[in-house]
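Content type mmCIF, C-alpha atoms, from the file start.cif:
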```cif
data_protein
#
loop_
_atom_site.label_atom_id
_atom_site.label_comp_id
_atom_site.auth_asym_id
_atom_site.auth_seq_id
_atom_site.Cartn_x
_atom_site.Cartn_y
_atom_site.Cartn_z
CA MET A 1235 -16.45 14.87 -16.10
CA ARG A 1236 -13.06 13.38 -15.30
CA LYS A 1237 -12.86 11.36 -12.12
CA ALA A 1238 -10.12 11.97 -9.55
CA VAL A 1239 -9.29 9.87 -6.50
CA VAL A 1240 -9.08 12.02 -3.36
CA LEU A 1241 -7.54 10.72 -0.14
CA LEU A 1242 -10.07 11.90 2.44
CA SER A 1243 -9.30 11.45 6.12
CA GLY A 1244 -12.00 13.85 7.24
CA GLY A 1245 -9.42 16.38 8.45
CA LEU A 1246 -8.97 19.99 7.45
CA ASP A 1247 -6.39 19.43 4.75
CA SER A 1248 -7.86 16.46 2.90
CA SER A 1249 -11.36 17.97 3.03
CA THR A 1250 -9.99 21.15 1.46
CA ALA A 1251 -8.13 19.10 -1.17
CA ALA A 1252 -11.45 17.40 -2.03
CA ALA A 1253 -13.19 20.78 -2.36
CA ILE A 1254 -10.37 21.99 -4.64
CA ALA A 1255 -10.63 18.86 -6.83
CA LYS A 1256 -14.36 19.50 -7.22
CA ASP A 1257 -13.74 23.20 -7.94
CA GLU A 1258 -11.25 22.19 -10.67
CA GLY A 1259 -14.06 20.31 -12.40
CA PHE A 1260 -13.26 16.78 -11.33
CA THR A 1261 -15.76 14.24 -10.06
CA PRO A 1262 -14.02 13.41 -6.77
CA CYS A 1263 -14.02 9.75 -5.70
CA ALA A 1264 -13.15 9.71 -2.00
CA LEU A 1265 -10.90 7.09 -0.44
CA SER A 1266 -10.72 6.74 3.34
CA PHE A 1267 -9.00 4.23 5.61
CA SER A 1268 -9.98 2.47 8.77
CA TYR A 1269 -6.42 1.47 9.63
CA GLY A 1270 -6.51 1.01 13.37
CA GLN A 1271 -6.14 4.71 14.11
CA ARG A 1272 -6.80 5.94 17.64
CA HIS A 1273 -8.91 8.76 16.17
CA LYS A 1274 -11.28 6.60 14.17
CA ARG A 1275 -13.78 9.38 14.84
CA GLU A 1276 -12.31 11.05 11.73
CA LEU A 1277 -14.13 8.52 9.51
CA GLU A 1278 -17.51 9.99 10.55
CA SER A 1279 -16.18 13.33 9.39
CA ALA A 1280 -14.93 11.84 6.12
CA ARG A 1281 -18.45 10.53 5.46
CA ALA A 1282 -20.04 13.87 6.39
CA VAL A 1283 -17.61 15.86 4.21
CA ALA A 1284 -18.16 13.48 1.27
CA ARG A 1285 -21.94 13.98 1.56
CA HIS A 1286 -21.51 17.76 1.94
CA LEU A 1287 -19.43 17.91 -1.27
CA GLY A 1288 -21.91 15.68 -3.15
CA ILE A 1289 -19.34 12.92 -3.60
CA LYS A 1290 -21.13 9.79 -4.81
CA GLU A 1291 -18.28 7.26 -4.72
CA HIS A 1292 -16.71 6.91 -1.27
CA LEU A 1293 -14.64 3.80 -0.58
CA VAL A 1294 -13.41 2.95 2.92
CA MET A 1295 -10.60 0.37 2.96
CA SER A 1296 -10.06 -1.46 6.26
CA PHE A 1297 -6.86 -3.02 7.59
CA ASP A 1298 -4.92 -2.92 10.81
CA MET A 1299 -1.68 -0.91 10.81
CA GLY A 1300 -1.63 -1.60 14.56
CA LEU A 1301 -0.25 -5.06 13.68
CA ILE A 1302 2.81 -3.23 12.35
CA GLY A 1303 2.96 -0.64 15.13
CA GLY A 1304 5.63 1.97 15.55
CA SER A 1305 3.28 4.95 15.92
CA ALA A 1306 1.42 6.83 18.64
CA LEU A 1307 -1.64 6.78 16.35
CA THR A 1308 -1.89 2.98 16.15
CA SER A 1309 -0.30 1.65 19.32
CA SER A 1310 0.05 2.41 23.02
CA ILE A 1311 2.85 4.97 22.41
CA PRO A 1312 1.46 8.21 23.96
CA VAL A 1313 0.33 11.10 21.74
CA PRO A 1314 2.45 14.17 22.69
CA LYS A 1315 0.44 16.98 24.25
CA GLY A 1316 0.81 20.68 24.77
CA ALA A 1317 3.62 21.68 22.39
CA ALA A 1318 4.30 21.47 18.67
CA PRO A 1319 7.18 19.13 17.70
CA ALA A 1320 10.71 20.52 17.51
CA GLU A 1321 11.79 21.92 14.14
CA GLY A 1322 13.00 19.09 11.87
CA ALA A 1323 12.07 16.30 14.32
CA ILE A 1324 9.78 13.51 13.15
CA PRO A 1325 6.99 13.25 15.76
CA PRO A 1326 5.82 9.94 17.32
CA THR A 1327 2.50 10.39 15.48
CA TYR A 1328 4.38 9.46 12.30
CA VAL A 1329 2.94 6.14 11.06
CA PRO A 1330 5.52 3.99 9.21
CA ALA A 1331 4.99 4.28 5.45
CA ARG A 1332 1.38 5.38 5.90
CA ASN A 1333 1.15 7.68 2.90
CA THR A 1334 2.83 5.01 0.75
CA VAL A 1335 0.17 2.49 1.81
CA PHE A 1336 -2.63 5.05 1.28
CA LEU A 1337 -1.32 6.17 -2.13
CA ALA A 1338 -0.82 2.53 -3.20
CA PHE A 1339 -4.53 1.84 -2.64
CA ALA A 1340 -5.38 5.16 -4.33
CA LEU A 1341 -3.33 4.08 -7.33
CA ALA A 1342 -5.11 0.72 -7.51
CA TRP A 1343 -8.51 2.42 -7.41
CA ALA A 1344 -7.44 5.13 -9.86
CA GLU A 1345 -6.45 2.41 -12.31
CA THR A 1346 -9.86 0.72 -12.21
CA LEU A 1347 -11.64 4.12 -12.37
CA GLU A 1348 -9.31 5.24 -15.19
CA ALA A 1349 -8.63 8.40 -13.18
CA ALA A 1350 -5.29 10.06 -13.92
CA ASP A 1351 -5.35 12.40 -10.92
CA ILE A 1352 -4.85 11.45 -7.27
CA PHE A 1353 -5.31 14.27 -4.74
CA ILE A 1354 -3.60 14.27 -1.37
CA GLY A 1355 -3.77 16.98 1.31
CA ALA A 1356 -0.03 16.82 2.06
CA ASN A 1357 1.26 20.02 3.51
CA VAL A 1358 4.94 20.67 3.70
CA MET A 1359 4.66 23.85 5.82
CA ASP A 1360 2.87 22.40 8.80
CA TYR A 1361 4.03 18.84 8.56
CA SER A 1362 7.66 19.30 7.65
CA GLY A 1363 8.25 16.48 10.13
CA TYR A 1364 6.59 13.81 7.98
CA PRO A 1365 8.94 12.49 5.28
CA ASP A 1366 6.03 11.16 3.23
CA CYS A 1367 4.52 14.62 2.81
CA ARG A 1368 7.57 16.17 1.10
CA PRO A 1369 7.55 17.17 -2.58
CA GLU A 1370 10.52 14.89 -3.41
CA TYR A 1371 8.65 11.92 -1.94
CA LEU A 1372 5.48 12.72 -3.88
CA ARG A 1373 7.46 13.05 -7.14
CA ALA A 1374 9.17 9.69 -6.50
CA PHE A 1375 5.80 8.03 -5.82
CA GLU A 1376 4.43 9.47 -9.07
CA ALA A 1377 7.41 8.17 -11.06
CA MET A 1378 6.98 4.71 -9.51
CA ALA A 1379 3.21 4.76 -10.12
CA ASN A 1380 3.70 5.32 -13.84
CA LEU A 1381 5.90 2.20 -14.03
CA ALA A 1382 3.59 0.11 -11.82
CA THR A 1383 0.31 -0.17 -13.60
CA LYS A 1384 -1.16 -1.75 -16.69
CA ILE A 1385 -2.99 1.42 -17.73
CA SER A 1386 0.14 3.60 -17.52
CA VAL A 1387 2.48 1.07 -19.14
CA GLU A 1388 0.01 0.72 -22.01
CA GLY A 1389 0.20 4.51 -22.41
CA ARG A 1390 -3.49 5.10 -21.74
CA ILE A 1391 -2.99 7.24 -18.62
CA ARG A 1392 -0.22 9.20 -17.02
CA PHE A 1393 -0.84 9.38 -13.28
CA SER A 1394 -0.39 12.68 -11.49
CA ILE A 1395 -0.08 12.96 -7.71
CA ARG A 1396 -1.74 16.30 -6.93
CA ALA A 1397 -0.93 18.07 -3.66
CA PRO A 1398 -2.60 21.47 -4.05
CA LEU A 1399 -1.98 22.46 -0.40
CA LEU A 1400 1.71 21.65 -0.43
CA HIS A 1401 2.98 25.22 -0.09
CA MET A 1402 0.03 26.77 1.75
CA THR A 1403 -0.09 27.68 5.44
CA LYS A 1404 -2.94 26.32 7.56
CA ALA A 1405 -4.53 29.79 7.52
CA GLU A 1406 -4.35 29.94 3.70
CA ILE A 1407 -5.90 26.48 3.49
CA ILE A 1408 -8.78 27.51 5.76
CA ARG A 1409 -9.38 30.70 3.76
CA LYS A 1410 -9.30 28.74 0.50
CA GLY A 1411 -11.77 26.12 1.75
CA THR A 1412 -14.05 28.78 3.27
CA GLY A 1413 -14.06 30.56 -0.08
CA LEU A 1414 -15.15 27.31 -1.73
CA GLY A 1415 -18.04 26.95 0.74
CA LEU A 1416 -16.50 24.09 2.71
CA ASP A 1417 -18.15 23.64 6.11
CA TYR A 1418 -15.25 23.03 8.50
CA SER A 1419 -17.62 22.11 11.33
CA LEU A 1420 -17.85 18.72 9.60
CA THR A 1421 -14.08 18.10 9.70
CA TRP A 1422 -12.06 16.45 12.44
CA SER A 1423 -8.38 16.92 13.32
CA CYS A 1424 -7.79 15.64 16.87
CA TYR A 1425 -5.46 12.63 17.20
CA ASP A 1426 -6.64 11.70 20.68
CA PRO A 1427 -10.31 12.52 21.27
CA ALA A 1428 -11.50 12.77 24.89
CA ALA A 1429 -14.01 10.21 26.18
CA SER A 1430 -16.61 12.97 25.81
CA GLY A 1431 -16.06 12.89 22.04
CA ARG A 1432 -14.58 16.43 22.03
CA PRO A 1433 -11.17 17.28 20.52
CA CYS A 1434 -8.43 17.13 23.18
CA GLY A 1435 -7.19 20.61 22.27
CA ARG A 1436 -3.59 19.74 23.13
CA CYS A 1437 -2.25 17.31 20.51
CA ASP A 1438 -0.16 18.63 17.58
CA SER A 1439 -3.11 18.37 15.24
CA CYS A 1440 -5.43 20.36 17.55
CA LEU A 1441 -2.69 22.97 18.08
CA TYR A 1442 -2.05 23.42 14.33
CA ARG A 1443 -5.78 23.67 13.70
CA ALA A 1444 -6.25 26.33 16.41
CA LYS A 1445 -3.26 28.28 15.09
CA GLY A 1446 -4.64 28.11 11.55
CA PHE A 1447 -8.10 29.41 12.47
CA GLY A 1448 -6.46 32.08 14.65
CA GLU A 1449 -4.25 33.32 11.81
CA ALA A 1450 -7.14 33.19 9.35
CA GLY A 1451 -9.12 35.39 11.78
CA LEU A 1452 -11.98 32.92 11.82
CA PRO A 1453 -13.59 30.93 14.63
CA ASP A 1454 -13.29 27.13 14.43
CA PRO A 1455 -16.90 26.07 13.79
CA LEU A 1456 -16.20 22.64 15.30
CA LEU A 1457 -15.73 24.30 18.69
CA LEU A 1458 -18.79 26.58 18.55
CA MET B 994 21.23 -11.93 12.59
CA ARG B 995 19.82 -9.23 10.35
CA LYS B 996 16.08 -9.38 9.75
CA ALA B 997 14.61 -9.20 6.26
CA VAL B 998 10.96 -8.83 5.28
CA VAL B 999 9.95 -11.47 2.72
CA LEU B 1000 6.71 -11.23 0.76
CA LEU B 1001 5.40 -14.79 1.02
CA SER B 1002 2.32 -15.76 -0.99
CA GLY B 1003 2.91 -19.48 -0.55
CA GLY B 1004 3.70 -19.91 -4.25
CA LEU B 1005 6.80 -21.34 -5.87
CA ASP B 1006 8.62 -18.06 -6.39
CA SER B 1007 8.06 -16.34 -3.05
CA SER B 1008 8.81 -19.56 -1.14
CA THR B 1009 12.10 -19.86 -3.01
CA ALA B 1010 12.86 -16.19 -2.31
CA ALA B 1011 12.29 -16.87 1.41
CA ALA B 1012 14.65 -19.88 1.29
CA ILE B 1013 17.28 -17.71 -0.45
CA ALA B 1014 16.94 -14.96 2.19
CA LYS B 1015 17.50 -17.56 4.90
CA ASP B 1016 20.45 -19.04 2.99
CA GLU B 1017 22.00 -15.56 2.76
CA GLY B 1018 22.01 -15.41 6.55
CA PHE B 1019 18.94 -13.27 7.15
CA THR B 1020 16.24 -13.94 9.71
CA PRO B 1021 13.27 -13.87 7.34
CA CYS B 1022 10.08 -12.19 8.60
CA ALA B 1023 7.26 -13.36 6.34
CA LEU B 1024 4.46 -11.07 5.17
CA SER B 1025 1.37 -12.53 3.54
CA PHE B 1026 -1.91 -10.99 2.44
CA SER B 1027 -5.51 -12.05 2.64
CA TYR B 1028 -6.67 -9.57 0.01
CA GLY B 1029 -9.84 -11.12 -1.33
CA GLN B 1030 -8.01 -13.47 -3.68
CA ARG B 1031 -9.94 -16.29 -5.31
CA HIS B 1032 -7.08 -18.66 -4.40
CA LYS B 1033 -7.04 -17.93 -0.67
CA ARG B 1034 -5.85 -21.53 -0.39
CA GLU B 1035 -2.34 -20.11 -0.95
CA LEU B 1036 -2.35 -18.71 2.62
CA GLU B 1037 -2.34 -22.26 4.05
CA SER B 1038 0.76 -22.88 1.96
CA ALA B 1039 2.35 -19.64 3.14
CA ARG B 1040 1.88 -20.80 6.74
CA ALA B 1041 3.26 -24.26 5.97
CA VAL B 1042 6.29 -22.87 4.12
CA ALA B 1043 6.99 -20.40 6.95
CA ARG B 1044 6.94 -23.26 9.48
CA HIS B 1045 9.10 -25.44 7.20
CA LEU B 1046 11.72 -22.67 6.94
CA GLY B 1047 11.66 -22.04 10.70
CA ILE B 1048 10.30 -18.51 10.25
CA LYS B 1049 9.15 -17.19 13.64
CA GLU B 1050 7.55 -13.89 12.60
CA HIS B 1051 4.76 -14.30 10.07
CA LEU B 1052 2.32 -11.43 9.65
CA VAL B 1053 -0.86 -11.77 7.58
CA MET B 1054 -2.44 -8.44 6.64
CA SER B 1055 -6.12 -8.55 5.66
CA PHE B 1056 -8.02 -6.20 3.36
CA ASP B 1057 -10.34 -6.53 0.42
CA MET B 1058 -8.91 -5.65 -3.00
CA GLY B 1059 -12.23 -6.99 -4.35
CA LEU B 1060 -13.72 -3.59 -3.39
CA ILE B 1061 -11.42 -2.09 -6.01
CA GLY B 1062 -11.88 -4.87 -8.57
CA GLY B 1063 -10.43 -4.93 -12.04
CA SER B 1064 -8.87 -8.41 -11.79
CA ALA B 1065 -9.81 -12.02 -12.45
CA LEU B 1066 -8.21 -12.87 -9.11
CA THR B 1067 -10.51 -10.66 -7.01
CA SER B 1068 -13.73 -10.34 -8.99
CA SER B 1069 -16.06 -12.32 -11.21
CA ILE B 1070 -13.86 -11.77 -14.31
CA PRO B 1071 -13.00 -15.35 -15.46
CA VAL B 1072 -9.49 -16.77 -15.00
CA PRO B 1073 -8.17 -17.70 -18.49
CA LYS B 1074 -7.63 -21.42 -18.97
CA GLY B 1075 -5.64 -23.67 -21.24
CA ALA B 1076 -3.07 -21.33 -22.82
CA ALA B 1077 -0.34 -19.00 -21.62
CA PRO B 1078 -0.98 -15.28 -22.28
CA ALA B 1079 0.21 -13.77 -25.56
CA GLU B 1080 3.72 -12.31 -25.56
CA GLY B 1081 3.70 -8.77 -24.16
CA ALA B 1082 0.01 -8.86 -23.20
CA ILE B 1083 -0.99 -8.09 -19.61
CA PRO B 1084 -3.27 -10.95 -18.50
CA PRO B 1085 -6.64 -10.43 -16.71
CA THR B 1086 -5.07 -11.97 -13.60
CA TYR B 1087 -3.15 -8.70 -13.19
CA VAL B 1088 -4.40 -7.04 -9.97
CA PRO B 1089 -4.27 -3.22 -10.12
CA ALA B 1090 -1.22 -1.94 -8.21
CA ARG B 1091 -1.01 -5.15 -6.16
CA ASN B 1092 2.74 -5.24 -5.76
CA THR B 1093 2.75 -1.55 -4.86
CA VAL B 1094 0.22 -2.24 -2.09
CA PHE B 1095 2.16 -5.33 -0.93
CA LEU B 1096 5.53 -3.56 -0.97
CA ALA B 1097 4.04 -0.54 0.83
CA PHE B 1098 3.03 -2.77 3.76
CA ALA B 1099 6.42 -4.52 3.57
CA LEU B 1100 8.10 -1.12 3.81
CA ALA B 1101 6.01 -0.16 6.86
CA TRP B 1102 6.89 -3.43 8.61
CA ALA B 1103 10.56 -3.21 7.58
CA GLU B 1104 10.72 0.23 9.17
CA THR B 1105 9.42 -1.00 12.53
CA LEU B 1106 11.66 -4.11 12.37
CA GLU B 1107 14.64 -1.95 11.28
CA ALA B 1108 15.15 -4.36 8.39
CA ALA B 1109 16.91 -2.88 5.37
CA ASP B 1110 16.13 -5.74 2.98
CA ILE B 1111 12.75 -6.56 1.45
CA PHE B 1112 12.60 -9.75 -0.63
CA ILE B 1113 10.08 -10.25 -3.41
CA GLY B 1114 9.78 -13.26 -5.72
CA ALA B 1115 9.24 -11.12 -8.83
CA ASN B 1116 10.24 -12.90 -11.97
CA VAL B 1117 10.65 -11.03 -15.18
CA MET B 1118 11.09 -14.10 -17.39
CA ASP B 1119 7.82 -15.80 -16.66
CA TYR B 1120 5.74 -12.80 -15.74
CA SER B 1121 6.86 -10.31 -18.33
CA GLY B 1122 3.17 -9.43 -18.52
CA TYR B 1123 3.03 -7.86 -15.05
CA PRO B 1124 4.34 -4.27 -15.05
CA ASP B 1125 4.93 -4.37 -11.29
CA CYS B 1126 7.43 -7.23 -11.60
CA ARG B 1127 9.84 -5.39 -13.92
CA PRO B 1128 13.29 -4.27 -12.77
CA GLU B 1129 12.60 -0.60 -13.61
CA TYR B 1130 9.48 -0.70 -11.41
CA LEU B 1131 11.36 -2.31 -8.51
CA ARG B 1132 14.13 0.31 -8.76
CA ALA B 1133 11.55 3.13 -8.75
CA PHE B 1134 9.85 1.63 -5.69
CA GLU B 1135 13.19 1.43 -3.91
CA ALA B 1136 14.00 5.08 -4.71
CA MET B 1137 10.58 6.15 -3.42
CA ALA B 1138 10.93 3.98 -0.28
CA ASN B 1139 14.14 5.72 0.69
CA LEU B 1140 12.38 9.10 0.57
CA ALA B 1141 9.26 7.84 2.36
CA THR B 1142 10.31 6.74 5.79
CA LYS B 1143 11.61 8.21 9.02
CA ILE B 1144 14.36 5.62 9.36
CA SER B 1145 15.74 6.22 5.85
CA VAL B 1146 15.45 10.01 5.96
CA GLU B 1147 17.31 9.99 9.28
CA GLY B 1148 20.05 8.02 7.50
CA ARG B 1149 19.79 4.95 9.74
CA ILE B 1150 18.80 2.53 7.00
CA ARG B 1151 18.93 2.37 3.24
CA PHE B 1152 16.15 0.10 2.01
CA SER B 1153 16.93 -2.44 -0.68
CA ILE B 1154 14.24 -4.21 -2.71
CA ARG B 1155 15.71 -7.65 -3.36
CA ALA B 1156 14.38 -9.75 -6.24
CA PRO B 1157 16.80 -12.69 -6.41
CA LEU B 1158 14.66 -14.60 -8.94
CA LEU B 1159 14.32 -11.73 -11.37
CA HIS B 1160 16.39 -13.23 -14.19
CA MET B 1161 15.87 -16.93 -13.46
CA THR B 1162 13.63 -19.30 -15.41
CA LYS B 1163 11.03 -21.31 -13.51
CA ALA B 1164 13.23 -24.40 -13.93
CA GLU B 1165 16.24 -22.57 -12.47
CA ILE B 1166 14.12 -21.39 -9.55
CA ILE B 1167 12.94 -24.94 -8.84
CA ARG B 1168 16.49 -26.30 -9.01
CA LYS B 1169 17.73 -23.52 -6.73
CA GLY B 1170 15.02 -24.14 -4.13
CA THR B 1171 15.45 -27.90 -4.32
CA GLY B 1172 19.16 -27.41 -3.68
CA LEU B 1173 18.29 -25.37 -0.59
CA GLY B 1174 16.06 -28.18 0.70
CA LEU B 1175 12.77 -26.39 0.03
CA ASP B 1176 9.81 -28.79 0.02
CA TYR B 1177 7.71 -27.69 -2.96
CA SER B 1178 4.87 -30.00 -1.93
CA LEU B 1179 4.00 -27.28 0.59
CA THR B 1180 3.67 -24.54 -2.04
CA TRP B 1181 0.58 -23.53 -4.01
CA SER B 1182 0.35 -21.87 -7.42
CA CYS B 1183 -3.16 -22.40 -8.81
CA TYR B 1184 -5.25 -19.26 -9.31
CA ASP B 1185 -8.54 -21.09 -9.48
CA PRO B 1186 -8.63 -24.24 -7.32
CA ALA B 1187 -11.27 -26.85 -8.12
CA ALA B 1188 -14.00 -27.54 -5.56
CA SER B 1189 -12.05 -30.71 -4.72
CA GLY B 1190 -9.20 -28.51 -3.45
CA ARG B 1191 -6.85 -29.68 -6.24
CA PRO B 1192 -5.01 -27.30 -8.60
CA CYS B 1193 -7.04 -26.70 -11.79
CA GLY B 1194 -4.05 -27.56 -13.99
CA ARG B 1195 -5.15 -25.13 -16.70
CA CYS B 1196 -4.65 -21.56 -15.43
CA ASP B 1197 -1.47 -19.64 -16.38
CA SER B 1198 0.03 -20.26 -12.99
CA CYS B 1199 -0.54 -24.05 -13.16
CA LEU B 1200 0.83 -24.11 -16.73
CA TYR B 1201 4.00 -22.20 -15.79
CA ARG B 1202 4.50 -24.46 -12.78
CA ALA B 1203 4.14 -27.63 -14.86
CA LYS B 1204 6.52 -26.27 -17.50
CA GLY B 1205 9.05 -25.38 -14.81
CA PHE B 1206 9.06 -28.81 -13.18
CA GLY B 1207 9.17 -30.40 -16.65
CA GLU B 1208 12.23 -28.37 -17.70
CA ALA B 1209 13.90 -28.99 -14.34
CA GLY B 1210 13.39 -32.73 -14.94
CA LEU B 1211 11.65 -33.10 -11.58
CA PRO B 1212 8.16 -34.27 -10.64
CA ASP B 1213 5.90 -31.70 -9.00
CA PRO B 1214 5.56 -33.07 -5.45
CA LEU B 1215 2.23 -31.28 -5.01
CA LEU B 1216 0.73 -33.59 -7.65
CA LEU B 1217 2.20 -36.85 -6.33
#
```
Could you take the file, read its structure, and then write that structure out as structure tokens?
Amino acid sequence: MRKAVVLLSGGLDSSTAAAIAKDEGFTPCALSFSYGQRHKRELESARAVARHLGIKEHLVMSFDMGLIGGSALTSSIPVPKGAAPAEGAIPPTYVPARNTVFLAFALAWAETLEAADIFIGANVMDYSGYPDCRPEYLRAFEAMANLATKISVEGRIRFSIRAPLLHMTKAEIIRKGTGLGLDYSLTWSCYDPAASGRPCGRCDSCLYRAKGFGEAGLPDPLLL
Amino acid sequence: MRKAVVLLSGGLDSSTAAAIAKDEGFTPCALSFSYGQRHKRELESARAVARHLGIKEHLVMSFDMGLIGGSALTSSIPVPKGAAPAEGAIPPTYVPARNTVFLAFALAWAETLEAADIFIGANVMDYSGYPDCRPEYLRAFEAMANLATKISVEGRIRFSIRAPLLHMTKAEIIRKGTGLGLDYSLTWSCYDPAASGRPCGRCDSCLYRAKGFGEAGLPDPLLL
């Protein structure tokens, strides 16, 4: 069984990407980050999803992106509530260079695991606002990755950045994951959980999730 | 004064790169990493060099590359002693994707500082063994960086990865830094310090340093 590194935040998209990697016959190795995010609650979900999918290797890297700042997810900048971001605008929940940092660690781990495939739940339809989710960014990262590492330069591996959800709507993602038996009650999307531990229901991520379940014609099991 | 992010390990090369950034009229913002390296001693040197150069912003990011492994610098793999690596061979002191991880954090910080320039002490002459020091790698990182970030996609900044030492020999680097008034007694190169706290004198990094000072016709002030 070939290993693949899967970036697993514990959200809808990355959990579905992990289920797809498994369905494609890979042994998924999950990589999560405790990076100073406001919604650290998602790490519990990452652990639960990893267990649910029978993932044996789950690495959590810890560092503090809050020292760098510049984002509503890691600093005191408020998380917008109640409306999706304007078309083409980059929302304040953007974290500077976050996917580049995450993929850099994924590349390092993939090299030691000798895993050619790195899965990321990037989704260009819903998150058109995030520059580091776009196909041209992912291709540029892949090109860089193949010049960066001992194993690729020696010709033993050609790294592939895999974004199977890239052109899917949230509803298509939910239907796909449901078809693969993924239990979405284990996942977490909210950027700004209430003190009660419930999703806020009003941040972009909650709104996209609700819209996705609505369009898929399914109830969100997290809210049952 | 324009800010520039400078990767500062506390070694010869990165300290010289920081002095060059300052000499070019930038306000250098130093970025160092506590990443589980065997030679954590270098961080003391990074702090001393930053003070010496009058650098006001010095950020140290902490994480554990030892969890990923695969390197003599972060695991129990022995550091080679007594001979430089064979021509074209990648030495066991290579850390998987290390410069990609370091540059990813530099990019994140550069975005929040609105700094277009990122300095790295990469040196293709001495470290031809490290794939992530080569010019083609640095160009690919730069191309990726300009697709990755809000500030570049909005057209407000074009990031430039600056490697002013790339084609210099160690002796040329030492002469350059000496000319800029850099105090090399503050720098640290050894990968595997003795229990006494002295450089081992036999790892690749110590050997390259000794060769460099020898060819420059200068004593190494760290050993005086």
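The space between CA of Ala1101 (chain B) and CA of Ile1113 (chain B) spans 15.0 Å.
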Just so the selection is clear, what residues does the PyMOL selection byres ((chain A and resi 1243-1256) around 6) cover here, as a VMD selection string? chain A and resid 1242 1257 to 1260 1266 1276 1279 to 1280 1355 1411 1421 to 1423
With a distance threshold of 8 Å and counting all atoms listed in the file, extract the residues of chain A near chain B and express them as a ChimeraX atom specification. /A:1293,1295-1298,1301-1304,1324,1330-1332,1334-1335,1338-1339,1341-1343,1345-1346,1364-1366,1370-1371,1374-1375,1377-1378,1381-1384,1387
Could you write those residues out with C-alpha atoms, as a compact mmCIF listing (two decimals), in the frame of the given file?
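File produced: again_17.txt:
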```
# COMPACT_ATOMS: atom_id res chain seq x y z
CA LEU A 1293 -14.64 3.80 -0.58
CA MET A 1295 -10.60 0.37 2.96
CA SER A 1296 -10.06 -1.46 6.26
CA PHE A 1297 -6.86 -3.02 7.59
CA ASP A 1298 -4.92 -2.92 10.81
CA LEU A 1301 -0.25 -5.06 13.68
CA ILE A 1302 2.81 -3.23 12.35
CA GLY A 1303 2.96 -0.64 15.13
CA GLY A 1304 5.63 1.97 15.55
CA ILE A 1324 9.78 13.51 13.15
CA PRO A 1330 5.52 3.99 9.21
CA ALA A 1331 4.99 4.28 5.45
CA ARG A 1332 1.38 5.38 5.90
CA THR A 1334 2.83 5.01 0.75
CA VAL A 1335 0.17 2.49 1.81
CA ALA A 1338 -0.82 2.53 -3.20
CA PHE A 1339 -4.53 1.84 -2.64
CA LEU A 1341 -3.33 4.08 -7.33
CA ALA A 1342 -5.11 0.72 -7.51
CA TRP A 1343 -8.51 2.42 -7.41
CA GLU A 1345 -6.45 2.41 -12.31
CA THR A 1346 -9.86 0.72 -12.21
CA TYR A 1364 6.59 13.81 7.98
CA PRO A 1365 8.94 12.49 5.28
CA ASP A 1366 6.03 11.16 3.23
CA GLU A 1370 10.52 14.89 -3.41
CA TYR A 1371 8.65 11.92 -1.94
CA ALA A 1374 9.17 9.69 -6.50
CA PHE A 1375 5.80 8.03 -5.82
CA ALA A 1377 7.41 8.17 -11.06
CA MET A 1378 6.98 4.71 -9.51
CA LEU A 1381 5.90 2.20 -14.03
CA ALA A 1382 3.59 0.11 -11.82
CA THR A 1383 0.31 -0.17 -13.60
CA LYS A 1384 -1.16 -1.75 -16.69
CA VAL A 1387 2.48 1.07 -19.14
```
Which residues fall under the PyMOL selection byres ((chain A and resi 1425) around 7) in this file, as a PDB file with C-alpha atoms, keeping the file's coordinate frame?
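Saved result, out-v4.pdb, follows:
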```
ATOM      1  CA  ARG A1272      -6.800   5.940  17.640  1.00  0.00           C
ATOM      2  CA  HIS A1273      -8.910   8.760  16.170  1.00  0.00           C
ATOM      3  CA  SER A1423      -8.380  16.920  13.320  1.00  0.00           C
ATOM      4  CA  CYS A1424      -7.790  15.640  16.870  1.00  0.00           C
ATOM      5  CA  ASP A1426      -6.640  11.700  20.680  1.00  0.00           C
ATOM      6  CA  PRO A1427     -10.310  12.520  21.270  1.00  0.00           C
ATOM      7  CA  CYS A1437      -2.250  17.310  20.510  1.00  0.00           C
ATOM      8  CA  SER A1439      -3.110  18.370  15.240  1.00  0.00           C
TER       9      SER A1439
END
```
Residues within 8 Å of His1292 (chain A), only C-alpha atoms, excluding chain neighbours under 3 positions, as a PDB file with C-alpha atoms, in the frame of the given file:
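Result file is part.pdb:
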```pdb
ATOM      1  CA  CYS A1263     -14.020   9.750  -5.700  1.00  0.00           C
ATOM      2  CA  ALA A1264     -13.150   9.710  -2.000  1.00  0.00           C
ATOM      3  CA  LEU A1265     -10.900   7.090  -0.440  1.00  0.00           C
ATOM      4  CA  SER A1266     -10.720   6.740   3.340  1.00  0.00           C
ATOM      5  CA  ARG A1281     -18.450  10.530   5.460  1.00  0.00           C
ATOM      6  CA  ALA A1284     -18.160  13.480   1.270  1.00  0.00           C
ATOM      7  CA  ILE A1289     -19.340  12.920  -3.600  1.00  0.00           C
TER       8      ILE A1289
END
```
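Neighbourhood of point (-17.1, 27.0, 17.1): residues with an atom at most 12 Å away, counting only C-alpha atoms, are Asp1417, Tyr1418, Ser1419, Leu1420, Thr1421, Arg1432, Pro1433, Ala1444, Phe1447, Leu1452, Pro1453, Asp1454, Pro1455, Leu1456, Leu1457 and Leu1458 of chain A.
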Name every residue that the PyMOL selection byres ((chain B and resi 997) around 8) selects in this structure, writing the answer as a count of residues only with chains first and numbers rising. 15
